[in-house]
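The structure under discussion appears below in the form of C-alpha cells.
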Amino acid sequence: MREVIPIKQDRRARAIKVLEGPLDNFRVAVTTSMDIGRVRFALDGIVVDARLREQHTSPETLQTLADQHTPVVAGVFEMRDGTHALDWLLPQGAQQPIAPEPTQVRVEKAWRSLPRALWLAASGGLIGAAAFFLALQIKSAWNLPFLIVGALAMAALIFSLLQIVFSFNTLWESFSRRRTLQLMASVMVKYCGAQAHGR
Amino acid sequence: MAAELPDIQRVEGRLTKLAAKSLYKRGNAYSFDVNGQSMWFLTSEPSWQPTSPFLAEGDRVELAVLDTPLTPTGERRVYALRNLEDDGVYVTHFAWQGNSQPYAATRIAPGSEHRYVLKLTALLIGLLIIGACISAVTGTNRASWPFLAGLCAVAWLLFAVPLYVLRWRWNAGFPTRRQRVMEAVYRCLGLGSPLAPNRPVQTV
C-alpha cells in the first residue's frame with residue numbers, strides 16, 4: 001500500500017487508498033446483461049471491486065494484466081461498508097491509466113443533454129394532455145389515431161423525464177462529492193503524471 | 001412437534017457451467033453445476049445493485065441445498081451460498097415471495113421488519129397528505145376524513161402486527177416452520193443463529 005488518505009464528509013467513501021502489485025485471484029462475475037463488467041481481484045492483499053462500465057474497458061484487458069502478473073498502481077475508494085471500489089488503474093509501462101471519464105466531461109455532457117430533454121418532456125406532456133383533453137371533451141376524438149398519438153407522447157415524456165432525472169443525478173453527485181473527486185483526481189495525476197487526461 | 005423440516009444438504013465444490021438469467025420483475029436466476037449436480041440459485045433484487053451476488057466460474061463454494069428435485073430434470077434449489085473465494089455469504093429470502101410450499105424459508109430477512117413498517121408508514125402518510133392537498137384545492141366535504149384515516153390505521157395495523165408478532169415469536173424461542181427452516185440453513189453453513197449471525201450475511 002503506497003498511500004492512505006482518510007476522507008471526511010463524504011457519503012460513500014471513507015478513505016482513498018493507492019495500492020500496487022500484480023492482480024491476484026482475478027474473477028469476472030456472471031451477470032445479466034444489465035451490468036456487465038463486474039470484476040473482483042485482490043491487490044496488495046485487499047479485495048477490490050470494479051465495475052468496468054465506468055472505466056470503459058472490458059474484463060479481458062484486466063485479465064491479460066492478471067495473467068502476465070504485470071505490476072499495477074491503482075487508486076481505490078474504501079467505502080463506508082468496508083468494500084473497496086476501483087477508480088483508476090495504471091499498468092506498469094503504460095502511458096494512460098484505465099480511468100473513468102473526467103468529472104468535468106460528465107458534467108458537461110449532462111448539461112448538454114438537459115435542454116433537449118426538457119424540450120421533449122414539455123412537448124410530449126403538452127401533446128399528451130391535449131389528446132387526453134380532446135378525448136374527454138369531444139366524442140369523435142375518442143379514436144385510434146388519437147390514442148396512438150397520446151401513447152407516443154406519454155412514452156416520450158417518460159423517457160425524457162428519466163433522462164432529466166439521470167442528468168440531475170450526475171450533476172448533484174459531482175457537486176456534492178466534488179472534494180472527494182478532486183482529491184482522487186489529484187492523486188491520479190500524482191501517480192500517472194500530468195500527461196494523464198486532467199480531471 | 002410439527003412435521004419434519006425439508007432435507008437440507010451441505011454441498012462443497014466448484015461452480016461450473018455458471019449462467020445468469022434475468023427473470024425481470026422476479027429477480028435473477030443463477031444456474032450452475034456443482035459436483036455434476038445442476039442447481040438453481042434464485043435471487044430477487046434489482047440486478048444493477050452492487051448487492052447482487054458475485055459469482056464467477058470456478059469459484060469454490062459451500063451451499064445449503066434443498067435435497068429434493070423440484071423439476072422433472074432434477075435441478076436442486078439453493079437456500080444459501082457461501083463463496084470461499086472472498087467469503088461472501090448470500091442467503092435467499094425474497095425469492096420465496098408468495099409460495100407456501102413446505103420447503104419455503106422466511107420471506108424477509110430476519111430483523112428487517114422495521115424497514116418495511118417504516119416504508120408503509122411513509123407511504124400512508126404521503127397518501128393522506130396528497131388527499132388533504134386535493135381536498136383543500138377542490139373544496140370537497142371534510143366528513144370522510146375520519147373514515148379515511150381509520151382505513152389507513154387499519155391497513156397499517158394489519159400489516160405491522162403480524163410482522164411484529166412473528167418477530168416476537170422468533171425472539172422468544174417459538175419459531176414458525178419457515179423460521180426453523182432458516183435456522184437449519186444457517187446451522188448447515190455454520191453461520192450461527194439467523195438472529196445473530198457470526199459473519200456478515202447478504203440477503204438476496
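Here's how to read the names in the C-alpha cells: chain A, B, ... by the order shown, residue numbers from 1 in each chain, ligand numbers from 1 in the order shown.
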Task: Which of region 4-184 of chain A fall in helix (DSSP H, G or I), as number ranges by chain - done: A: 52-55, 59-67, 103-137, 139-141, 144-176, 178-184
Open item on the list: With only C-alpha atoms as the counted atoms, please give the residues lying no more than 6 Å from region 74-79 of chain B, apart from itself and same-chain residues fewer than 4 positions off, as a list in words.
Closed with: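 In the requested format, the answer is Ser38, Met39, Trp40, Phe41, Ala64, Val65, Leu66, Pro69 and Thr92 of chain B.
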Open item on the list: Using only C-alpha atoms and a cut-off of 8 Å, which residues of chain B sit close to chain A? Please list them as a PyMOL selection string.
Closed with: chain B and resi 18-22+28+47-48+54-57+86
Once you have the residues from the selection above, write them out as a compact mmCIF listing (two decimals), in the first residue's frame, restricted to C-alpha atoms.
# COMPACT_ATOMS: atom_id res chain seq x y z
CA LEU B 18 -22.43 -20.89 -14.42
CA ALA B 19 -25.06 -18.72 -16.11
CA ALA B 20 -27.20 -15.81 -15.01
CA LYS B 21 -30.66 -15.13 -16.33
CA SER B 22 -32.88 -12.21 -15.59
CA ASN B 28 -32.31 -13.12 -11.24
CA SER B 47 -29.55 -6.63 -10.96
CA TRP B 48 -27.93 -3.18 -11.18
CA PHE B 54 -20.65 -12.01 -7.03
CA LEU B 55 -20.25 -15.45 -8.59
CA ALA B 56 -17.58 -16.38 -11.08
CA GLU B 57 -16.91 -19.56 -12.99
CA ASP B 86 -13.99 -13.77 -0.99
Pick out the residues sitting within 10 Å of Leu52 (chain A), and hand them over as a compact mmCIF listing (two decimals) with N, CA and C atoms, in the first residue's frame; count only C-alpha atoms, and ignore anything fewer than 2 positions along from it in its own chain.
# COMPACT_ATOMS: atom_id res chain seq x y z
N ASP A 35 -25.74 -5.31 -16.02
CA ASP A 35 -24.45 -4.74 -15.62
C ASP A 35 -23.33 -5.72 -15.93
N ILE A 36 -22.81 -5.58 -17.13
CA ILE A 36 -21.68 -6.42 -17.50
C ILE A 36 -20.42 -5.73 -17.00
N GLY A 37 -19.35 -6.51 -16.83
CA GLY A 37 -18.08 -5.94 -16.45
C GLY A 37 -17.87 -5.79 -14.96
N ARG A 38 -18.51 -6.63 -14.17
CA ARG A 38 -18.20 -6.62 -12.73
C ARG A 38 -17.04 -7.57 -12.51
N VAL A 39 -15.96 -7.06 -11.98
CA VAL A 39 -14.82 -7.92 -11.68
C VAL A 39 -14.38 -7.67 -10.24
N ASP A 49 -13.35 -4.28 -5.77
CA ASP A 49 -14.44 -4.44 -6.73
C ASP A 49 -14.28 -3.41 -7.83
N ALA A 50 -14.63 -3.78 -9.03
CA ALA A 50 -14.60 -2.81 -10.11
C ALA A 50 -15.80 -3.04 -11.01
N GLU A 54 -17.86 1.85 -16.01
CA GLU A 54 -17.48 3.23 -15.74
C GLU A 54 -16.13 3.56 -16.35
N GLN A 55 -15.23 2.57 -16.37
CA GLN A 55 -13.88 2.82 -16.91
C GLN A 55 -13.82 2.62 -18.42
N HIS A 56 -14.91 2.22 -19.04
CA HIS A 56 -14.97 2.00 -20.49
C HIS A 56 -13.93 0.98 -20.94
N THR A 57 -13.75 -0.09 -20.16
CA THR A 57 -12.87 -1.17 -20.60
C THR A 57 -13.63 -2.48 -20.47
N SER A 58 -13.02 -3.53 -20.99
CA SER A 58 -13.62 -4.84 -20.89
C SER A 58 -12.82 -5.66 -19.88
N PRO A 59 -13.42 -6.69 -19.30
CA PRO A 59 -12.67 -7.54 -18.37
C PRO A 59 -11.44 -8.18 -19.00
N LEU A 62 -8.08 -6.43 -18.23
CA LEU A 62 -7.51 -6.71 -16.92
C LEU A 62 -7.10 -8.17 -16.80
N LEU A 86 -12.72 0.29 -7.27
CA LEU A 86 -11.63 0.79 -8.12
C LEU A 86 -12.03 2.12 -8.76
N ASP A 87 -11.09 3.06 -8.81
CA ASP A 87 -11.34 4.27 -9.59
C ASP A 87 -10.43 4.31 -10.81
N ILE A 98 -6.21 3.39 -16.85
CA ILE A 98 -7.59 2.97 -17.10
C ILE A 98 -8.43 3.70 -16.07
N ALA A 99 -9.16 4.71 -16.53
CA ALA A 99 -9.85 5.59 -15.57
C ALA A 99 -11.23 5.93 -16.10
N PRO A 100 -12.16 6.27 -15.21
CA PRO A 100 -13.47 6.71 -15.68
C PRO A 100 -13.37 8.08 -16.34
- [ ] Have a look at CA of Gly128 (chain A) and CA of Leu152 (chain A) and let me know their distance in Å, one decimal.
- [x]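 Atom-to-atom, CA of Gly128 (chain A) and CA of Leu152 (chain A) are spaced 8.1 Å apart.
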TODO: Find the residue from A:Leu136, A:Ala156, A:Ala94, A:Val18 that sits nearest to Glu78 (chain A); use only C-alpha atoms when measuring.
DONE: A:Val18
Find the residues around region 195-199 of chain B up to 7 Å (only C-alpha atoms counted), leave out those fewer than 4 positions away in its own chain, and share them as a PDB file with N, CA and C atoms, in the first residue's frame.
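Contents of part07.pdb, freshly written:
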ATOM      1  N   PRO B 110     -34.268 -11.793   8.550  1.00  0.00           N
ATOM      2  CA  PRO B 110     -34.532 -11.689   9.992  1.00  0.00           C
ATOM      3  C   PRO B 110     -34.112 -10.327  10.524  1.00  0.00           C
ATOM      4  N   GLY B 111     -34.976  -9.733  11.324  1.00  0.00           N
ATOM      5  CA  GLY B 111     -34.642  -8.452  11.929  1.00  0.00           C
ATOM      6  C   GLY B 111     -34.827  -7.255  11.024  1.00  0.00           C
ATOM      7  N   LEU B 191     -23.209 -20.666  10.260  1.00  0.00           N
ATOM      8  CA  LEU B 191     -23.253 -19.208  10.356  1.00  0.00           C
ATOM      9  C   LEU B 191     -23.783 -18.741  11.694  1.00  0.00           C
TER      10      LEU B 191
END
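One distance worth recording is that between CA of Leu163 (chain B) and CA of Leu70 (chain B), which is 29.0 Å.
Near Met79 (chain A), within a cut-off of 8 Å and counting only C-alpha atoms, sit the residues Arg12, Ala13, Arg14, Ala15, Thr83, His84 and Ala85 of chain A, with same-chain residues fewer than 4 positions away left out.
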Task: Residue contacts of Leu166 (chain B) (12 Å, only C-alpha atoms) excluding same-chain residues fewer than 6 positions away, as number ranges by chain - done: B: 106-108, 110-113, 159-160, 172-179
Can I get the selected residues back with C-alpha atoms, as a CSV table (one decimal), in the first residue's frame?
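Ended up saving to result.csv:
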chain,number,residue,atom,x,y,z
B,106,THR,CA,-38.9,-16.7,5.6
B,107,ARG,CA,-39.8,-14.1,3.0
B,108,ILE,CA,-37.9,-11.2,4.6
B,110,PRO,CA,-34.5,-11.7,10.0
B,111,GLY,CA,-34.6,-8.5,11.9
B,112,SER,CA,-35.6,-6.3,8.9
B,113,GLU,CA,-39.3,-5.7,10.0
B,159,PHE,CA,-49.5,-5.1,8.1
B,160,ALA,CA,-47.4,-4.3,11.1
B,172,ALA,CA,-39.0,-15.6,22.4
B,173,GLY,CA,-38.0,-19.0,21.1
B,174,PHE,CA,-41.2,-20.2,19.4
B,175,PRO,CA,-40.1,-20.1,15.7
B,176,THR,CA,-42.6,-20.9,12.9
B,177,ARG,CA,-41.9,-23.5,10.3
B,178,ARG,CA,-40.3,-21.1,7.9
B,179,GLN,CA,-38.1,-19.7,10.7
- [ ] Determine which residues of region 17-197 of chain A receive a DSSP assignment of strand (DSSP E), computed from the backbone, and state them as a PyMOL selection string.
- [x] chain A and resi 17-21+24-28+38-43+46-51+72-79+84-91
